file target-v6.json (JSON, C-alpha atoms)
[["chain", "number", "residue", "atom", "x", "y", "z"],
["A", 243, "MET", "CA", 69.80, -119.14, -47.02],
["A", 244, "ARG", "CA", 67.68, -119.49, -43.87],
["A", 245, "ILE", "CA", 70.69, -119.84, -41.52],
["A", 246, "ARG", "CA", 72.51, -117.01, -43.29],
["A", 247, "LEU", "CA", 69.52, -114.68, -42.83],
["A", 248, "LEU", "CA", 69.26, -115.66, -39.19],
["A", 249, "ARG", "CA", 72.97, -115.05, -38.52],
["A", 250, "LEU", "CA", 72.96, -111.76, -40.42],
["A", 251, "GLY", "CA", 69.86, -110.60, -38.56],
["A", 252, "LEU", "CA", 71.27, -111.54, -35.17],
["A", 253, "ALA", "CA", 74.55, -109.77, -35.90],
["A", 254, "PHE", "CA", 72.80, -106.64, -37.15],
["A", 255, "TYR", "CA", 70.42, -106.38, -34.21],
["A", 256, "ALA", "CA", 73.19, -107.12, -31.70],
["A", 257, "ALA", "CA", 75.21, -104.28, -33.23],
["A", 258, "LEU", "CA", 72.18, -101.98, -33.13],
["A", 259, "TRP", "CA", 71.67, -102.82, -29.46],
["A", 260, "GLY", "CA", 75.37, -102.18, -28.81],
["A", 261, "VAL", "CA", 75.18, -98.74, -30.44],
["A", 262, "ALA", "CA", 72.10, -97.92, -28.37],
["A", 263, "PHE", "CA", 73.74, -99.13, -25.16],
["A", 264, "VAL", "CA", 76.91, -97.09, -25.72],
["A", 265, "TRP", "CA", 74.99, -94.02, -26.89],
["A", 266, "ARG", "CA", 72.65, -94.09, -23.90],
["A", 267, "HIS", "CA", 75.24, -94.87, -21.21],
["A", 268, "LEU", "CA", 78.09, -92.73, -22.46],
["A", 269, "GLY", "CA", 76.21, -89.95, -24.21],
["A", 270, "GLN", "CA", 73.07, -89.51, -22.14],
["A", 271, "GLY", "CA", 73.73, -91.36, -18.91],
["A", 272, "GLY", "CA", 71.13, -93.45, -17.19],
["A", 273, "SER", "CA", 69.53, -96.77, -17.92],
["A", 274, "LEU", "CA", 68.71, -97.86, -21.44],
["A", 275, "TRP", "CA", 65.68, -99.88, -20.32],
["A", 276, "LEU", "CA", 64.11, -97.60, -17.74],
["A", 277, "ALA", "CA", 63.58, -93.92, -18.47],
["A", 278, "SER", "CA", 62.59, -93.36, -14.85],
["A", 279, "PRO", "CA", 63.29, -95.41, -11.71],
["A", 280, "GLU", "CA", 59.60, -95.51, -10.74],
["A", 281, "SER", "CA", 58.73, -97.30, -14.00],
["A", 282, "GLU", "CA", 60.34, -100.45, -12.55],
["A", 283, "LEU", "CA", 57.38, -100.79, -10.19],
["A", 284, "HIS", "CA", 54.94, -101.41, -13.05],
["A", 285, "LEU", "CA", 56.74, -103.91, -15.28],
["A", 286, "LEU", "CA", 53.88, -106.44, -15.32],
["A", 287, "ARG", "CA", 51.46, -103.75, -16.46],
["A", 288, "HIS", "CA", 53.96, -102.56, -19.07],
["A", 289, "GLY", "CA", 54.23, -106.10, -20.42],
["A", 290, "ALA", "CA", 50.43, -106.28, -20.66],
["A", 291, "PHE", "CA", 50.36, -102.95, -22.52],
["A", 292, "GLY", "CA", 52.95, -104.35, -24.92],
["A", 293, "LEU", "CA", 50.94, -107.53, -25.52],
["A", 294, "ALA", "CA", 47.77, -105.52, -26.18],
["A", 295, "ALA", "CA", 49.54, -103.11, -28.53],
["A", 296, "GLY", "CA", 51.24, -105.99, -30.34],
["A", 297, "ALA", "CA", 47.91, -107.77, -30.78],
["A", 298, "ALA", "CA", 46.33, -104.58, -32.14],
["A", 299, "LEU", "CA", 49.17, -104.10, -34.65],
["A", 300, "VAL", "CA", 48.98, -107.75, -35.73],
["A", 301, "ALA", "CA", 45.23, -107.39, -36.23],
["A", 302, "GLY", "CA", 45.82, -104.21, -38.25],
["A", 303, "SER", "CA", 48.44, -105.82, -40.48],
["A", 304, "SER", "CA", 46.25, -108.89, -40.99],
["A", 305, "TRP", "CA", 43.34, -106.65, -41.95],
["A", 306, "LEU", "CA", 45.53, -104.73, -44.43],
["A", 307, "THR", "CA", 46.76, -107.90, -46.12],
["A", 308, "SER", "CA", 43.30, -109.46, -46.33],
["A", 309, "ARG", "CA", 41.38, -106.37, -47.49],
["A", 310, "PHE", "CA", 43.70, -104.54, -49.87],
["A", 311, "ALA", "CA", 45.65, -105.65, -52.91],
["A", 312, "ALA", "CA", 48.58, -103.47, -51.79],
["A", 313, "GLY", "CA", 48.60, -105.32, -48.46],
["A", 314, "GLU", "CA", 48.68, -108.70, -50.17],
["A", 315, "ARG", "CA", 51.47, -107.56, -52.53],
["A", 316, "LEU", "CA", 53.43, -106.36, -49.51],
["A", 317, "ALA", "CA", 52.94, -109.69, -47.72],
["A", 318, "ARG", "CA", 54.09, -111.65, -50.77],
["A", 319, "ALA", "CA", 57.14, -109.45, -51.29],
["A", 320, "LEU", "CA", 58.15, -109.70, -47.62],
["A", 321, "ALA", "CA", 57.59, -113.46, -47.60],
["A", 322, "GLU", "CA", 59.84, -113.76, -50.64],
["A", 323, "ALA", "CA", 62.49, -111.56, -49.02],
["A", 324, "VAL", "CA", 62.66, -113.54, -45.77],
["A", 325, "GLY", "CA", 62.41, -116.89, -47.50],
["A", 326, "PRO", "CA", 61.55, -120.08, -45.66],
["A", 327, "LEU", "CA", 61.89, -119.78, -41.91],
["A", 328, "ARG", "CA", 60.98, -122.30, -39.27],
["A", 329, "PRO", "CA", 58.75, -120.93, -36.51],
["A", 330, "GLY", "CA", 61.59, -120.96, -33.96],
["A", 331, "GLN", "CA", 63.87, -119.06, -36.32],
["A", 332, "ALA", "CA", 61.16, -116.48, -36.95],
["A", 333, "TRP", "CA", 60.73, -115.96, -33.19],
["A", 334, "ILE", "CA", 64.50, -115.63, -32.69],
["A", 335, "LEU", "CA", 64.61, -112.92, -35.38],
["A", 336, "ALA", "CA", 61.55, -111.27, -33.83],
["A", 337, "LEU", "CA", 63.18, -111.20, -30.41],
["A", 338, "ALA", "CA", 66.46, -109.84, -31.78],
["A", 339, "SER", "CA", 64.77, -107.17, -33.90],
["A", 340, "GLY", "CA", 62.39, -106.14, -31.14],
["A", 341, "ILE", "CA", 65.17, -105.73, -28.60],
["A", 342, "GLY", "CA", 67.68, -104.14, -31.01],
["A", 343, "GLU", "CA", 65.31, -101.71, -32.69],
["A", 344, "GLU", "CA", 63.55, -100.65, -29.51],
["A", 345, "ALA", "CA", 66.85, -100.11, -27.69],
["A", 346, "PHE", "CA", 68.05, -97.92, -30.56],
["A", 347, "PHE", "CA", 64.92, -96.04, -31.60],
["A", 348, "ARG", "CA", 63.07, -95.67, -28.30],
["A", 349, "GLY", "CA", 65.83, -96.13, -25.69],
["A", 350, "ALA", "CA", 68.61, -94.06, -27.25],
["A", 351, "LEU", "CA", 67.15, -91.91, -30.05],
["A", 352, "GLN", "CA", 63.72, -90.88, -28.74],
["A", 353, "PRO", "CA", 64.99, -89.16, -25.56],
["A", 354, "VAL", "CA", 67.18, -86.97, -27.78],
["A", 355, "ALA", "CA", 65.11, -86.55, -30.96],
["A", 356, "GLY", "CA", 61.55, -86.74, -29.59],
["A", 357, "LEU", "CA", 58.60, -88.88, -30.58],
["A", 358, "GLY", "CA", 57.87, -87.28, -33.97],
["A", 359, "LEU", "CA", 61.36, -87.39, -35.43],
["A", 360, "THR", "CA", 61.99, -90.87, -34.03],
["A", 361, "THR", "CA", 58.76, -92.11, -35.63],
["A", 362, "LEU", "CA", 59.78, -90.62, -38.97],
["A", 363, "LEU", "CA", 63.26, -92.18, -38.76],
["A", 364, "PHE", "CA", 61.73, -95.54, -37.80],
["A", 365, "ALA", "CA", 59.47, -95.39, -40.87],
["A", 366, "LEU", "CA", 62.44, -94.43, -43.08],
["A", 367, "ALA", "CA", 64.45, -97.34, -41.69],
["A", 368, "HIS", "CA", 61.67, -99.58, -43.04],
["A", 369, "PHE", "CA", 61.60, -97.90, -46.45],
["A", 370, "VAL", "CA", 62.52, -100.04, -49.42],
["A", 371, "PRO", "CA", 62.33, -98.36, -52.84],
["A", 372, "ARG", "CA", 60.07, -101.00, -54.38],
["A", 373, "ARG", "CA", 56.51, -100.17, -55.32],
["A", 374, "GLU", "CA", 55.01, -103.21, -53.64],
["A", 375, "LEU", "CA", 56.72, -102.31, -50.32],
["A", 376, "TRP", "CA", 55.52, -98.70, -49.86],
["A", 377, "LEU", "CA", 52.83, -99.81, -47.41],
["A", 378, "TRP", "CA", 55.51, -101.26, -45.11],
["A", 379, "SER", "CA", 56.85, -97.76, -44.40],
["A", 380, "VAL", "CA", 53.35, -96.47, -43.67],
["A", 381, "PHE", "CA", 52.68, -99.39, -41.32],
["A", 382, "ALA", "CA", 56.09, -98.80, -39.68],
["A", 383, "ALA", "CA", 55.19, -95.14, -39.11],
["A", 384, "VAL", "CA", 51.93, -96.10, -37.38],
["A", 385, "ALA", "CA", 53.69, -98.83, -35.39],
["A", 386, "GLY", "CA", 56.56, -96.48, -34.53],
["A", 387, "LEU", "CA", 54.15, -93.86, -33.23],
["A", 388, "LEU", "CA", 52.40, -96.46, -31.07],
["A", 389, "LEU", "CA", 55.70, -97.94, -29.82],
["A", 390, "GLY", "CA", 57.07, -94.48, -29.06],
["A", 391, "GLY", "CA", 53.84, -93.59, -27.28],
["A", 392, "LEU", "CA", 54.15, -96.71, -25.15],
["A", 393, "TYR", "CA", 57.68, -95.68, -24.23],
["A", 394, "GLU", "CA", 56.50, -92.18, -23.29],
["A", 395, "LEU", "CA", 53.56, -93.58, -21.31],
["A", 396, "THR", "CA", 55.44, -96.24, -19.36],
["A", 397, "GLY", "CA", 58.96, -94.85, -19.08],
["A", 398, "SER", "CA", 60.43, -98.24, -19.96],
["A", 399, "LEU", "CA", 61.32, -100.22, -23.06],
["A", 400, "LEU", "CA", 59.39, -103.28, -21.91],
["A", 401, "ALA", "CA", 56.02, -102.35, -23.44],
["A", 402, "PRO", "CA", 57.34, -101.30, -26.88],
["A", 403, "THR", "CA", 59.76, -104.24, -26.97],
["A", 404, "VAL", "CA", 57.05, -106.78, -26.14],
["A", 405, "ALA", "CA", 54.76, -105.23, -28.77],
["A", 406, "HIS", "CA", 57.53, -105.23, -31.38],
["A", 407, "VAL", "CA", 58.46, -108.86, -30.70],
["A", 408, "VAL", "CA", 54.81, -109.94, -30.89],
["A", 409, "VAL", "CA", 54.26, -108.11, -34.20],
["A", 410, "ASN", "CA", 57.42, -109.45, -35.80],
["A", 411, "GLY", "CA", 57.05, -112.99, -34.45],
["A", 412, "VAL", "CA", 53.42, -113.45, -35.42],
["A", 413, "ASN", "CA", 53.78, -111.67, -38.75],
["A", 414, "LEU", "CA", 56.98, -113.46, -39.81],
["A", 415, "ASN", "CA", 55.36, -116.81, -39.13],
["A", 416, "ARG", "CA", 52.16, -115.76, -40.89],
["A", 417, "LEU", "CA", 54.05, -114.43, -43.91],
["A", 418, "VAL", "CA", 55.99, -117.64, -44.38],
["A", 419, "ARG", "CA", 52.96, -119.86, -43.81],
["A", 420, "GLN", "CA", 50.38, -117.91, -45.82],
["A", 421, "TYR", "CA", 52.38, -116.07, -48.49],
["A", 422, "GLY", "CA", 55.64, -117.95, -48.90],
["A", 423, "PRO", "CA", 56.45, -120.49, -51.61],
["A", 424, "GLY", "CA", 53.97, -123.34, -51.60],
["A", 425, "SER", "CA", 51.43, -121.40, -49.51],
["A", 426, "ARG", "CA", 47.75, -122.09, -49.90],
["A", 427, "ALA", "CA", 46.66, -118.44, -49.66],
["A", 428, "PRO", "CA", 44.41, -117.26, -52.51],
["A", 429, "GLY", "CA", 46.58, -116.53, -55.51],
["A", 430, "GLY", "CA", 49.66, -117.86, -53.71],
["A", 431, "GLY", "CA", 52.00, -120.70, -54.40],
["A", 432, "PRO", "CA", 51.36, -123.83, -56.47]]
call {"tool": "encode", "arguments": {"input": "target-v6.json", "output": "structure tokens"}}
result
Amino acid sequence: MRIRLLRLGLAFYAALWGVAFVWRHLGQGGSLWLASPESELHLLRHGAFGLAAGAALVAGSSWLTSRFAAGERLARALAEAVGPLRPGQAWILALASGIGEEAFFRGALQPVAGLGLTTLLFALAHFVPRRELWLWSVFAAVAGLLLGGLYELTGSLLAPTVAHVVVNGVNLNRLVRQYGPGSRAPGGGP
């Protein structure tokens, strides 16, 4: 199951990146990663912005899961959905999803659709019609707004991609460790 999820995720995010690359280069012209040539001069700062934003989102998601029953239900449902992942596998998925989703949503879609519509579509892409997962769409909307704002602020995909990878990598590992089968979280596992 774990290898199948990893392969499926890598294939999906590679395809998403491919769509974004083709859409941006053939449809819009210009670089997928840099909205403006001058943004290349500040890549270290953009990476730092991404790390800070990722840390803030991780702190927010941790707070939601520790303070609210809906947050804990969401964590348990997501942990069940992803199943057991080794830390390296979680980081590989995080890297693939961060690159693929940011290339598509911020690099290709946002220049055409704008920040608001892109944020809404990002939240809808994270919608699963299960009661215990409603909070995921809300969190995705907040995260999408922040990631889109980083893209607007920096003119590059580096900051939102770094933030996205940090959020997914830390949270996937935390979900599996704290809320997966056999976890020792309150009310969790045997």
call {"tool": "atom_distance", "arguments": {"input": "target-v6.json", "atom1": "CA of Ala345 in chain A", "atom2": "CA of Trp259 in chain A"}}
result
5.8 Å
call {"tool": "atom_distance", "arguments": {"input": "target-v6.json", "atom1": "CA of Ala382 in chain A", "atom2": "CA of Arg318 in chain A"}}
result
17.1 Å
call {"tool": "closest_residue", "arguments": {"input": "target-v6.json", "among": "A:Thr361, A:Ala297, A:Leu399, A:Trp265", "to": "Val380 in chain A", "atoms": "all atoms listed in the file"}}
result
A:Thr361
call {"tool": "closest_residue", "arguments": {"input": "target-v6.json", "among": "A:Arg315, A:Arg328, A:His288, A:Arg249", "to": "Ala401 in chain A", "atoms": "only C-alpha atoms"}}
result
A:His288
call {"tool": "closest_residue", "arguments": {"input": "target-v6.json", "among": "A:Arg266, A:Arg348, A:His284, A:His406", "to": "Tyr393 in chain A", "atoms": "only C-alpha atoms"}}
result
A:Arg348
call {"tool": "residues_near_point", "arguments": {"input": "target-v6.json", "point": "(54.5, -99.2, -45.6)", "cutoff": "10 Å", "atoms": "only C-alpha atoms", "output": "PyMOL selection string"}}
result
chain A and resi 312-313+316+365-366+368-370+373-384
call {"tool": "residues_around", "arguments": {"input": "target-v6.json", "residues": "Thr360 in chain A", "least_positions_apart": "5", "cutoff": "7 Å", "atoms": "all atoms listed in the file", "output": "ChimeraX atom specification"}}
result
/A:347,351-352,355
call {"tool": "closest_residue", "arguments": {"input": "target-v6.json", "among": "A:Gly260, A:Gly251, A:Gly330, A:Gly340", "to": "Val407 in chain A", "atoms": "only C-alpha atoms"}}
result
A:Gly340
call {"tool": "atom_distance", "arguments": {"input": "target-v6.json", "atom1": "CA of Ala336 in chain A", "atom2": "CA of Val408 in chain A"}}
result
7.5 Å
call {"tool": "closest_residue", "arguments": {"input": "target-v6.json", "among": "A:Leu306, A:Ala294, A:Leu359, A:Leu417", "to": "Ala323 in chain A", "atoms": "all atoms listed in the file"}}
result
A:Leu417
call {"tool": "closest_residue", "arguments": {"input": "target-v6.json", "among": "A:Leu335, A:Leu286, A:Leu268, A:Val354", "to": "Val412 in chain A", "atoms": "all atoms listed in the file"}}
result
A:Leu335
